[in-house]
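File shown: model-v2.pdb (PDB, C-alpha atoms and all ligand atoms).
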```
ATOM      1  CA  MET Y  93    -179.240 -85.597  94.553
ATOM      2  CA  PRO Y  94    -178.026 -87.340  97.713
ATOM      3  CA  GLY Y  95    -178.119 -91.109  97.711
ATOM      4  CA  PRO Y  96    -179.742 -93.357 100.260
ATOM      5  CA  GLY Y  97    -178.908 -93.134 103.894
ATOM      6  CA  LEU Y  98    -180.789 -89.992 104.852
ATOM      7  CA  ARG Y  99    -182.271 -89.680 108.291
ATOM      8  CA  VAL Y 100    -185.916 -88.968 107.568
ATOM      9  CA  THR Y 101    -188.519 -88.185 110.202
ATOM     10  CA  ILE Y 102    -192.163 -88.393 109.192
ATOM     11  CA  TRP Y 103    -194.231 -86.157 111.468
ATOM     12  CA  ASN Y 104    -197.943 -86.875 111.365
ATOM     13  CA  GLU Y 105    -200.449 -85.273 113.698
ATOM     14  CA  HIS Y 106    -202.221 -88.683 113.640
ATOM     15  CA  VAL Y 107    -205.677 -87.506 114.623
ATOM     16  CA  HIS Y 108    -207.961 -88.307 111.662
ATOM     17  CA  GLU Y 109    -206.860 -91.952 111.581
ATOM     18  CA  ARG Y 110    -207.763 -92.370 115.256
ATOM     19  CA  GLU Y 111    -211.088 -90.517 115.122
ATOM     20  CA  ASP Y 112    -212.554 -91.363 111.711
ATOM     21  CA  ALA Y 113    -213.246 -94.987 110.770
ATOM     22  CA  HIS Y 114    -213.141 -94.255 107.038
ATOM     23  CA  VAL Y 115    -209.691 -92.714 107.272
ATOM     24  CA  ALA Y 116    -208.534 -95.515 109.563
ATOM     25  CA  GLY Y 117    -209.676 -98.001 106.934
ATOM     26  CA  LEU Y 118    -207.661 -96.235 104.224
ATOM     27  CA  TYR Y 119    -204.615 -95.854 106.436
ATOM     28  CA  PRO Y 120    -204.564 -98.705 108.963
ATOM     29  CA  ASP Y 121    -200.892 -97.974 109.700
ATOM     30  CA  GLY Y 122    -201.514 -94.235 109.828
ATOM     31  CA  ILE Y 123    -200.738 -91.748 107.087
ATOM     32  CA  HIS Y 124    -197.167 -91.873 108.365
ATOM     33  CA  GLY Y 125    -197.146 -95.614 107.699
ATOM     34  CA  ALA Y 126    -198.148 -95.074 104.076
ATOM     35  CA  LEU Y 127    -195.529 -92.357 103.647
ATOM     36  CA  ALA Y 128    -192.879 -94.628 105.150
ATOM     37  CA  ALA Y 129    -193.878 -97.366 102.699
ATOM     38  CA  ALA Y 130    -193.398 -94.873  99.863
ATOM     39  CA  LEU Y 131    -189.873 -94.136 101.031
ATOM     40  CA  ALA Y 132    -189.084 -97.814 101.575
ATOM     41  CA  GLN Y 133    -190.165 -98.463  97.991
ATOM     42  CA  HIS Y 134    -188.392 -95.576  96.299
ATOM     43  CA  ARG Y 135    -185.558 -94.671  98.671
ATOM     44  CA  PRO Y 136    -184.463 -97.944 100.252
ATOM     45  CA  GLY Y 137    -181.626 -97.373 102.662
ATOM     46  CA  ASP Y 138    -183.008 -94.240 104.255
ATOM     47  CA  GLU Y 139    -183.327 -94.347 108.000
ATOM     48  CA  VAL Y 140    -187.016 -93.523 108.451
ATOM     49  CA  SER Y 141    -188.690 -92.860 111.778
ATOM     50  CA  PHE Y 142    -192.067 -91.480 112.823
ATOM     51  CA  SER Y 143    -193.240 -88.992 115.324
ATOM     52  CA  THR Y 144    -196.686 -87.682 116.158
ATOM     53  CA  LEU Y 145    -198.304 -84.864 118.076
ATOM     54  CA  ALA Y 146    -198.986 -87.201 121.014
ATOM     55  CA  ASP Y 147    -195.286 -87.967 121.516
ATOM     56  CA  PRO Y 148    -193.124 -86.196 124.109
ATOM     57  CA  ASP Y 149    -192.252 -82.690 122.932
ATOM     58  CA  GLN Y 150    -195.012 -83.180 120.345
ATOM     59  CA  GLY Y 151    -192.635 -85.417 118.411
ATOM     60  CA  LEU Y 152    -190.499 -82.382 117.649
ATOM     61  CA  GLY Y 153    -187.900 -82.510 120.403
ATOM     62  CA  ASP Y 154    -184.480 -80.952 119.889
ATOM     63  CA  ASP Y 155    -182.694 -84.316 119.862
ATOM     64  CA  ARG Y 156    -185.024 -85.653 117.195
ATOM     65  CA  LEU Y 157    -184.776 -82.573 115.013
ATOM     66  CA  ASP Y 158    -181.006 -82.458 115.368
ATOM     67  CA  ALA Y 159    -180.863 -86.062 114.132
ATOM     68  CA  THR Y 160    -183.131 -85.387 111.126
ATOM     69  CA  ASP Y 161    -181.910 -84.599 107.607
ATOM     70  CA  VAL Y 162    -185.407 -84.250 106.166
ATOM     71  CA  LEU Y 163    -188.670 -83.760 108.044
ATOM     72  CA  VAL Y 164    -191.872 -84.783 106.240
ATOM     73  CA  TRP Y 165    -194.994 -83.094 107.611
ATOM     74  CA  TRP Y 166    -198.650 -84.100 107.450
ATOM     75  CA  GLY Y 167    -201.007 -82.098 109.632
ATOM     76  CA  HIS Y 168    -204.504 -80.678 109.461
ATOM     77  CA  MET Y 169    -206.994 -80.374 112.284
ATOM     78  CA  ALA Y 170    -204.516 -80.204 115.169
ATOM     79  CA  GLN Y 171    -201.905 -77.931 113.645
ATOM     80  CA  GLU Y 172    -202.852 -75.078 115.981
ATOM     81  CA  GLN Y 173    -201.910 -77.357 118.885
ATOM     82  CA  VAL Y 174    -198.289 -77.416 117.788
ATOM     83  CA  ALA Y 175    -196.471 -75.227 120.289
ATOM     84  CA  ASP Y 176    -195.070 -72.008 118.868
ATOM     85  CA  GLU Y 177    -191.731 -72.853 120.423
ATOM     86  CA  ARG Y 178    -191.598 -76.231 118.628
ATOM     87  CA  ALA Y 179    -192.566 -74.628 115.327
ATOM     88  CA  GLU Y 180    -189.834 -72.052 115.782
ATOM     89  CA  ARG Y 181    -187.341 -74.834 116.470
ATOM     90  CA  VAL Y 182    -188.305 -76.515 113.185
ATOM     91  CA  ARG Y 183    -187.837 -73.200 111.387
ATOM     92  CA  ARG Y 184    -184.365 -72.803 112.884
ATOM     93  CA  ARG Y 185    -183.366 -76.327 111.872
ATOM     94  CA  VAL Y 186    -184.404 -75.587 108.298
ATOM     95  CA  LEU Y 187    -182.317 -72.414 108.279
ATOM     96  CA  ASP Y 188    -179.443 -74.552 109.543
ATOM     97  CA  GLY Y 189    -179.859 -77.028 106.692
ATOM     98  CA  MET Y 190    -182.662 -79.514 107.446
ATOM     99  CA  GLY Y 191    -185.034 -80.284 104.585
ATOM    100  CA  LEU Y 192    -188.785 -79.880 105.126
ATOM    101  CA  VAL Y 193    -191.378 -81.578 102.924
ATOM    102  CA  VAL Y 194    -194.853 -80.229 103.644
ATOM    103  CA  LEU Y 195    -197.819 -82.194 102.374
ATOM    104  CA  HIS Y 196    -201.383 -81.186 101.547
ATOM    105  CA  SER Y 197    -203.089 -79.336 104.446
ATOM    106  CA  GLY Y 198    -199.656 -78.657 105.894
ATOM    107  CA  HIS Y 199    -199.807 -75.412 103.905
ATOM    108  CA  LEU Y 200    -201.155 -74.016 107.172
ATOM    109  CA  ALA Y 201    -198.620 -75.776 109.426
ATOM    110  CA  LYS Y 202    -196.925 -73.322 111.750
ATOM    111  CA  PRO Y 203    -193.365 -74.103 110.614
ATOM    112  CA  PHE Y 204    -194.381 -73.682 106.971
ATOM    113  CA  THR Y 205    -196.112 -70.338 107.423
ATOM    114  CA  LEU Y 206    -193.181 -69.146 109.545
ATOM    115  CA  LEU Y 207    -190.743 -70.066 106.793
ATOM    116  CA  MET Y 208    -192.909 -68.546 104.070
ATOM    117  CA  GLY Y 209    -193.742 -65.368 105.952
ATOM    118  CA  THR Y 210    -197.204 -65.220 104.397
ATOM    119  CA  ALA Y 211    -200.672 -66.542 105.268
ATOM    120  CA  CYS Y 212    -200.494 -69.480 102.792
ATOM    121  CA  MET Y 213    -204.285 -69.607 102.423
ATOM    122  CA  LEU Y 214    -205.984 -71.035  99.361
ATOM    123  CA  ARG Y 215    -209.423 -71.986  98.054
ATOM    124  CA  TRP Y 216    -210.668 -75.524  98.597
ATOM    125  CA  ARG Y 217    -213.529 -77.945  98.067
ATOM    126  CA  GLU Y 218    -214.144 -81.516  99.168
ATOM    127  CA  GLY Y 219    -215.983 -82.838  96.141
ATOM    128  CA  ASP Y 220    -214.260 -85.932  94.734
ATOM    129  CA  ASP Y 221    -212.440 -83.778  92.200
ATOM    130  CA  ARG Y 222    -210.104 -85.419  89.745
ATOM    131  CA  CYS Y 223    -206.678 -83.792  90.008
ATOM    132  CA  VAL Y 224    -204.361 -83.615  87.004
ATOM    133  CA  MET Y 225    -200.872 -82.670  88.143
ATOM    134  CA  TRP Y 226    -198.651 -81.339  85.363
ATOM    135  CA  ALA Y 227    -194.877 -81.059  85.554
ATOM    136  CA  VAL Y 228    -194.115 -77.565  84.262
ATOM    137  CA  ASP Y 229    -190.403 -78.278  84.845
ATOM    138  CA  PRO Y 230    -190.209 -81.941  83.797
ATOM    139  CA  GLY Y 231    -186.408 -82.014  84.052
ATOM    140  CA  HIS Y 232    -186.456 -81.102  87.738
ATOM    141  CA  PRO Y 233    -185.404 -83.848  90.201
ATOM    142  CA  LEU Y 234    -188.849 -83.589  91.803
ATOM    143  CA  ALA Y 235    -190.433 -84.851  88.584
ATOM    144  CA  ALA Y 236    -188.070 -87.777  87.925
ATOM    145  CA  GLY Y 237    -190.004 -90.959  87.220
ATOM    146  CA  VAL Y 238    -193.369 -89.334  87.954
ATOM    147  CA  PRO Y 239    -196.012 -89.767  85.214
ATOM    148  CA  ASN Y 240    -196.680 -86.484  83.422
ATOM    149  CA  PRO Y 241    -199.400 -85.685  83.983
ATOM    150  CA  LEU Y 242    -199.927 -87.458  87.252
ATOM    151  CA  ILE Y 243    -203.659 -88.144  87.455
ATOM    152  CA  ILE Y 244    -205.134 -88.544  90.917
ATOM    153  CA  PRO Y 245    -208.669 -89.917  90.505
ATOM    154  CA  ALA Y 246    -210.097 -88.093  93.540
ATOM    155  CA  ASP Y 247    -208.628 -85.561  95.926
ATOM    156  CA  GLU Y 248    -209.629 -82.376  97.689
ATOM    157  CA  MET Y 249    -209.639 -79.394  95.326
ATOM    158  CA  TYR Y 250    -207.080 -76.741  96.278
ATOM    159  CA  CYS Y 251    -206.762 -73.705  94.033
ATOM    160  CA  GLU Y 252    -205.351 -70.271  93.482
ATOM    161  CA  PRO Y 253    -204.944 -67.735  94.741
ATOM    162  CA  PHE Y 254    -202.511 -69.586  96.989
ATOM    163  CA  GLY Y 255    -200.939 -67.114  99.408
ATOM    164  CA  ILE Y 256    -197.348 -68.252  99.240
ATOM    165  CA  PRO Y 257    -194.335 -66.225  98.149
ATOM    166  CA  ALA Y 258    -193.230 -66.949  94.587
ATOM    167  CA  PRO Y 259    -191.523 -70.358  94.726
ATOM    168  CA  ASP Y 260    -187.807 -70.445  93.970
ATOM    169  CA  GLU Y 261    -188.573 -73.382  91.696
ATOM    170  CA  LEU Y 262    -192.082 -74.175  90.491
ATOM    171  CA  VAL Y 263    -192.234 -77.781  89.344
ATOM    172  CA  PHE Y 264    -195.913 -78.766  89.243
ATOM    173  CA  VAL Y 265    -199.220 -77.115  88.513
ATOM    174  CA  SER Y 266    -202.468 -79.019  89.103
ATOM    175  CA  SER Y 267    -205.867 -78.608  87.524
ATOM    176  CA  TYR Y 268    -209.155 -79.871  88.917
ATOM    177  CA  SER Y 269    -212.550 -80.949  87.624
ATOM    178  CA  GLY Y 270    -213.920 -77.428  87.937
ATOM    179  CA  GLY Y 271    -211.081 -75.937  85.870
ATOM    180  CA  GLU Y 272    -209.314 -74.482  88.889
ATOM    181  CA  VAL Y 273    -205.507 -74.504  89.033
ATOM    182  CA  LEU Y 274    -202.903 -74.607  91.811
ATOM    183  CA  ARG Y 275    -199.132 -74.306  92.084
ATOM    184  CA  SER Y 276    -199.002 -77.803  93.558
ATOM    185  CA  GLY Y 277    -195.300 -78.661  93.616
ATOM    186  CA  CYS Y 278    -193.165 -75.793  94.877
ATOM    187  CA  CYS Y 279    -189.538 -75.584  96.014
ATOM    188  CA  PHE Y 280    -188.148 -72.932  98.323
ATOM    189  CA  ARG Y 281    -184.680 -72.190  99.705
ATOM    190  CA  ARG Y 282    -184.508 -70.808 103.195
ATOM    191  CA  GLY Y 283    -181.114 -70.151 104.771
ATOM    192  CA  SER Y 284    -179.085 -73.353 104.390
ATOM    193  CA  GLY Y 285    -182.230 -75.468 104.071
ATOM    194  CA  ARG Y 286    -184.783 -76.422 101.479
ATOM    195  CA  VAL Y 287    -188.562 -76.603 101.693
ATOM    196  CA  VAL Y 288    -190.897 -78.488  99.355
ATOM    197  CA  TYR Y 289    -194.664 -78.113  99.265
ATOM    198  CA  LEU Y 290    -196.735 -80.852  97.581
ATOM    199  CA  SER Y 291    -200.508 -80.525  97.517
ATOM    200  CA  PRO Y 292    -201.833 -84.118  97.118
ATOM    201  CA  GLY Y 293    -203.138 -86.102 100.043
ATOM    202  CA  HIS Y 294    -206.551 -85.367 101.525
ATOM    203  CA  GLU Y 295    -207.082 -87.936 104.264
ATOM    204  CA  THR Y 296    -210.379 -89.360 102.981
ATOM    205  CA  TYR Y 297    -208.853 -90.589  99.703
ATOM    206  CA  PRO Y 298    -206.186 -93.274  99.210
ATOM    207  CA  VAL Y 299    -203.817 -90.786  97.568
ATOM    208  CA  TYR Y 300    -200.673 -91.954  99.370
ATOM    209  CA  HIS Y 301    -201.166 -95.493  98.128
ATOM    210  CA  GLN Y 302    -200.852 -94.332  94.496
ATOM    211  CA  ASP Y 303    -197.451 -95.114  93.071
ATOM    212  CA  GLY Y 304    -196.819 -91.861  91.182
ATOM    213  CA  VAL Y 305    -197.588 -89.883  94.326
ATOM    214  CA  ARG Y 306    -195.265 -92.105  96.336
ATOM    215  CA  ARG Y 307    -192.452 -91.500  93.872
ATOM    216  CA  LEU Y 308    -193.115 -87.769  94.040
ATOM    217  CA  ILE Y 309    -192.783 -87.743  97.824
ATOM    218  CA  ALA Y 310    -189.574 -89.765  97.672
ATOM    219  CA  ASN Y 311    -188.184 -87.286  95.113
ATOM    220  CA  ALA Y 312    -189.097 -84.412  97.403
ATOM    221  CA  VAL Y 313    -187.181 -85.992 100.263
ATOM    222  CA  GLY Y 314    -184.127 -86.334  98.031
ATOM    223  CA  TRP Y 315    -184.313 -82.752  96.800
ATOM    224  CA  GLY Y 316    -184.992 -81.403 100.273
ATOM    225  CA  ALA Y 317    -181.849 -83.011 101.644
ATOM    226  CA  ALA Y 318    -179.492 -81.431  99.153
ATOM    227  CA  PRO Y 319    -177.302 -79.010 101.072
ATOM    228  CA  GLU Y 320    -177.306 -75.352 100.193
ATOM    229  CA  GLY Y 321    -173.855 -74.995 101.724
ATOM    230  CA  THR Y 322    -173.224 -73.449 105.068
ATOM    231  CA  ARG Y 323    -174.614 -69.960 105.176
ATOM    232  CA  PRO Y 324    -173.964 -67.544 107.990
ATOM    233  CA  PRO Y 325    -177.029 -66.860 110.077
ATOM    234  CA  LEU Y 326    -178.663 -63.678 108.855
ATOM    235  CA  ASP Y 327    -180.396 -62.853 112.106
ATOM    236  CA  ASP Y 328    -177.269 -62.183 114.182
ATOM    237  CA  ALA Y 329    -176.419 -58.482 114.396
ATOM    238  CA  VAL Y 330    -172.636 -58.142 114.426
ATOM    239  CA  TRP Y 331    -171.094 -54.903 115.708
ATOM    240  CA  SER Y 332    -168.594 -53.753 113.100
ATOM    241  CA  PRO Y 333    -166.180 -50.903 113.838
ATOM    242  CA  PRO Y 334    -164.817 -48.839 110.920
ATOM    243  CA  GLY Y 335    -162.292 -50.839 108.882
ATOM    244  CA  TRP Y 336    -163.237 -54.181 110.445
ATOM    245  CA  TYR Y 337    -162.935 -55.981 107.120
ATOM    246  CA  GLU Y 338    -159.348 -54.808 106.551
ATOM    247  CA  ALA Y 339    -158.035 -55.781 109.983
TER     248      ALA Y 339
HETATM  249 ZN    ZN J 401    -207.560 -82.003 103.005
END
```
Just give me the structure of the file as structure tokens.
Ligand code: ZN
Amino acid sequence: MPGPGLRVTIWNEHVHEREDAHVAGLYPDGIHGALAAALAQHRPGDEVSFSTLADPDQGLGDDRLDATDVLVWWGHMAQEQVADERAERVRRRVLDGMGLVVLHSGHLAKPFTLLMGTACMLRWREGDDRCVMWAVDPGHPLAAGVPNPLIIPADEMYCEPFGIPAPDELVFVSSYSGGEVLRSGCCFRRGSGRVVYLSPGHETYPVYHQDGVRRLIANAVGWGAAPEGTRPPLDDAVWSPPGWYEA
């Protein structure tokens, strides 16, 4: 697990907080502000910056991405506005080694679905459901210091079937008031990069102010930054004459 000193960019579409007074009350500094506070608490020393959809290049410019070790993503209602070209650039950076931590409704973020290759749909309900998040791999770095189970008093219900590929490492499964379950903490390896999906965090609940959730997000940043080693790009076709490997 890398130590402090990571360059972390928190990308937040930052629409709900500006348009909904209830959400603005929960997150006066934006959801990105709450996520940054989580990192300041649990990963002091990281270099954390924000970007939002309203920024130049939608906050996803090449210079910014090139200077990011781990990108944390919160998006929902405006995710379709993210330009395909920017989403593709995020995908490429992950293949080159950047970590990507996708939160809650980011399961439908363009970079995430591109990296998964599947629709990533799930079932959902906004109904003040209690979420009980169980570590099924309690020794995994993602679970370090997180209460097991982690009980979130109210969050949006997300449940299976969740249209993701089988995670490379499944760390958490959540259950909800109605008995539904979800693979809620999933790790993926893509090229030289790592991707984490964490389900908590509907915008109308104070989920990102809860300490166990904050620790979980900090753990995800640490795991996401761990290098997979340099891997040759797999999408370059290389002409290879007979005997090329013996030359
Ligand atoms: Zn939601």
Please extract the residues at most 9 Å from ligand ZN 401 (chain J), counting all atoms listed in the file, and provide them as a VMD selection string, using the chain letters and residue numbers of this document.
chain Y and resid 168 196 to 197 216 to 218 247 to 250 292 to 296
Residue neighbourhood Asn311 of chain Y, 8 Å, all atoms listed in the file, exclusion window fewer than 3 positions, as an mmCIF file with C-alpha atoms, keeping the file's coordinate frame:
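Produced file out05.cif, reproduced below:
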```cif
data_model
loop_
_atom_site.group_PDB
_atom_site.id
_atom_site.type_symbol
_atom_site.label_atom_id
_atom_site.label_comp_id
_atom_site.auth_asym_id
_atom_site.auth_seq_id
_atom_site.Cartn_x
_atom_site.Cartn_y
_atom_site.Cartn_z
ATOM 1 C CA PRO Y 233 -185.404 -83.848 90.201
ATOM 2 C CA LEU Y 234 -188.849 -83.589 91.803
ATOM 3 C CA ALA Y 235 -190.433 -84.851 88.584
ATOM 4 C CA ALA Y 236 -188.070 -87.777 87.925
ATOM 5 C CA ARG Y 307 -192.452 -91.500 93.872
ATOM 6 C CA LEU Y 308 -193.115 -87.769 94.040
ATOM 7 C CA GLY Y 314 -184.127 -86.334 98.031
ATOM 8 C CA TRP Y 315 -184.313 -82.752 96.800
#
```
Could you tell me how far atom CA of Ile102 of chain Y sits from atom CA of Arg156 of chain Y, in Å to one decimal place?
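Result for atom CA of Arg156 of chain Y versus atom CA of Ile102 of chain Y: 11.1 Å, one decimal.
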Hey, can you check how far atom CA of Gly189 of chain Y sits from atom CA of Asp161 of chain Y?
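A separation of 7.9 Å between them.
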May I have the residues within 10 Å of Val115 of chain Y as a PDB file with C-alpha atoms, in the frame of the given file, using all atoms listed in the file and disregarding those fewer than 5 positions away in the same chain?
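Dumped everything to around_4.pdb:
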```
ATOM      1  CA  VAL Y 107    -205.677 -87.506 114.623  1.00  0.00           C
ATOM      2  CA  HIS Y 108    -207.961 -88.307 111.662  1.00  0.00           C
ATOM      3  CA  GLU Y 109    -206.860 -91.952 111.581  1.00  0.00           C
ATOM      4  CA  ARG Y 110    -207.763 -92.370 115.256  1.00  0.00           C
ATOM      5  CA  PRO Y 120    -204.564 -98.705 108.963  1.00  0.00           C
ATOM      6  CA  GLY Y 122    -201.514 -94.235 109.828  1.00  0.00           C
ATOM      7  CA  ILE Y 123    -200.738 -91.748 107.087  1.00  0.00           C
ATOM      8  CA  HIS Y 294    -206.551 -85.367 101.525  1.00  0.00           C
ATOM      9  CA  GLU Y 295    -207.082 -87.936 104.264  1.00  0.00           C
ATOM     10  CA  THR Y 296    -210.379 -89.360 102.981  1.00  0.00           C
ATOM     11  CA  TYR Y 297    -208.853 -90.589  99.703  1.00  0.00           C
ATOM     12  CA  PRO Y 298    -206.186 -93.274  99.210  1.00  0.00           C
TER      13      PRO Y 298
END
```
Do you know which residues the PyMOL selection byres (((chain Y and resi 283) around 7) and not hetatm) returns on this file, as a list in words?
Leu187, Asp188, Arg281, Arg282, Ser284, Gly285 and Arg323 of chain Y
Selected residues, C-alpha atoms, written as a CSV table (one decimal), in the coordinates of the input, please.
```csv
chain,number,residue,atom,x,y,z
Y,187,LEU,CA,-182.3,-72.4,108.3
Y,188,ASP,CA,-179.4,-74.6,109.5
Y,281,ARG,CA,-184.7,-72.2,99.7
Y,282,ARG,CA,-184.5,-70.8,103.2
Y,284,SER,CA,-179.1,-73.4,104.4
Y,285,GLY,CA,-182.2,-75.5,104.1
Y,323,ARG,CA,-174.6,-70.0,105.2
```
Carefully work through the PyMOL selection byres (((chain Y and resi 239) around 10) and not hetatm) for this structure and note down the residues it includes, as a list in words.
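This file, filtered by the PyMOL selection byres (((chain Y and resi 239) around 10) and not hetatm), leaves Met225, Trp226, Ala227, Pro230, Ala235, Ala236, Gly237, Val238, Asn240, Pro241, Leu242, Ile243, Asp303, Gly304, Val305, Arg307 and Leu308 of chain Y.
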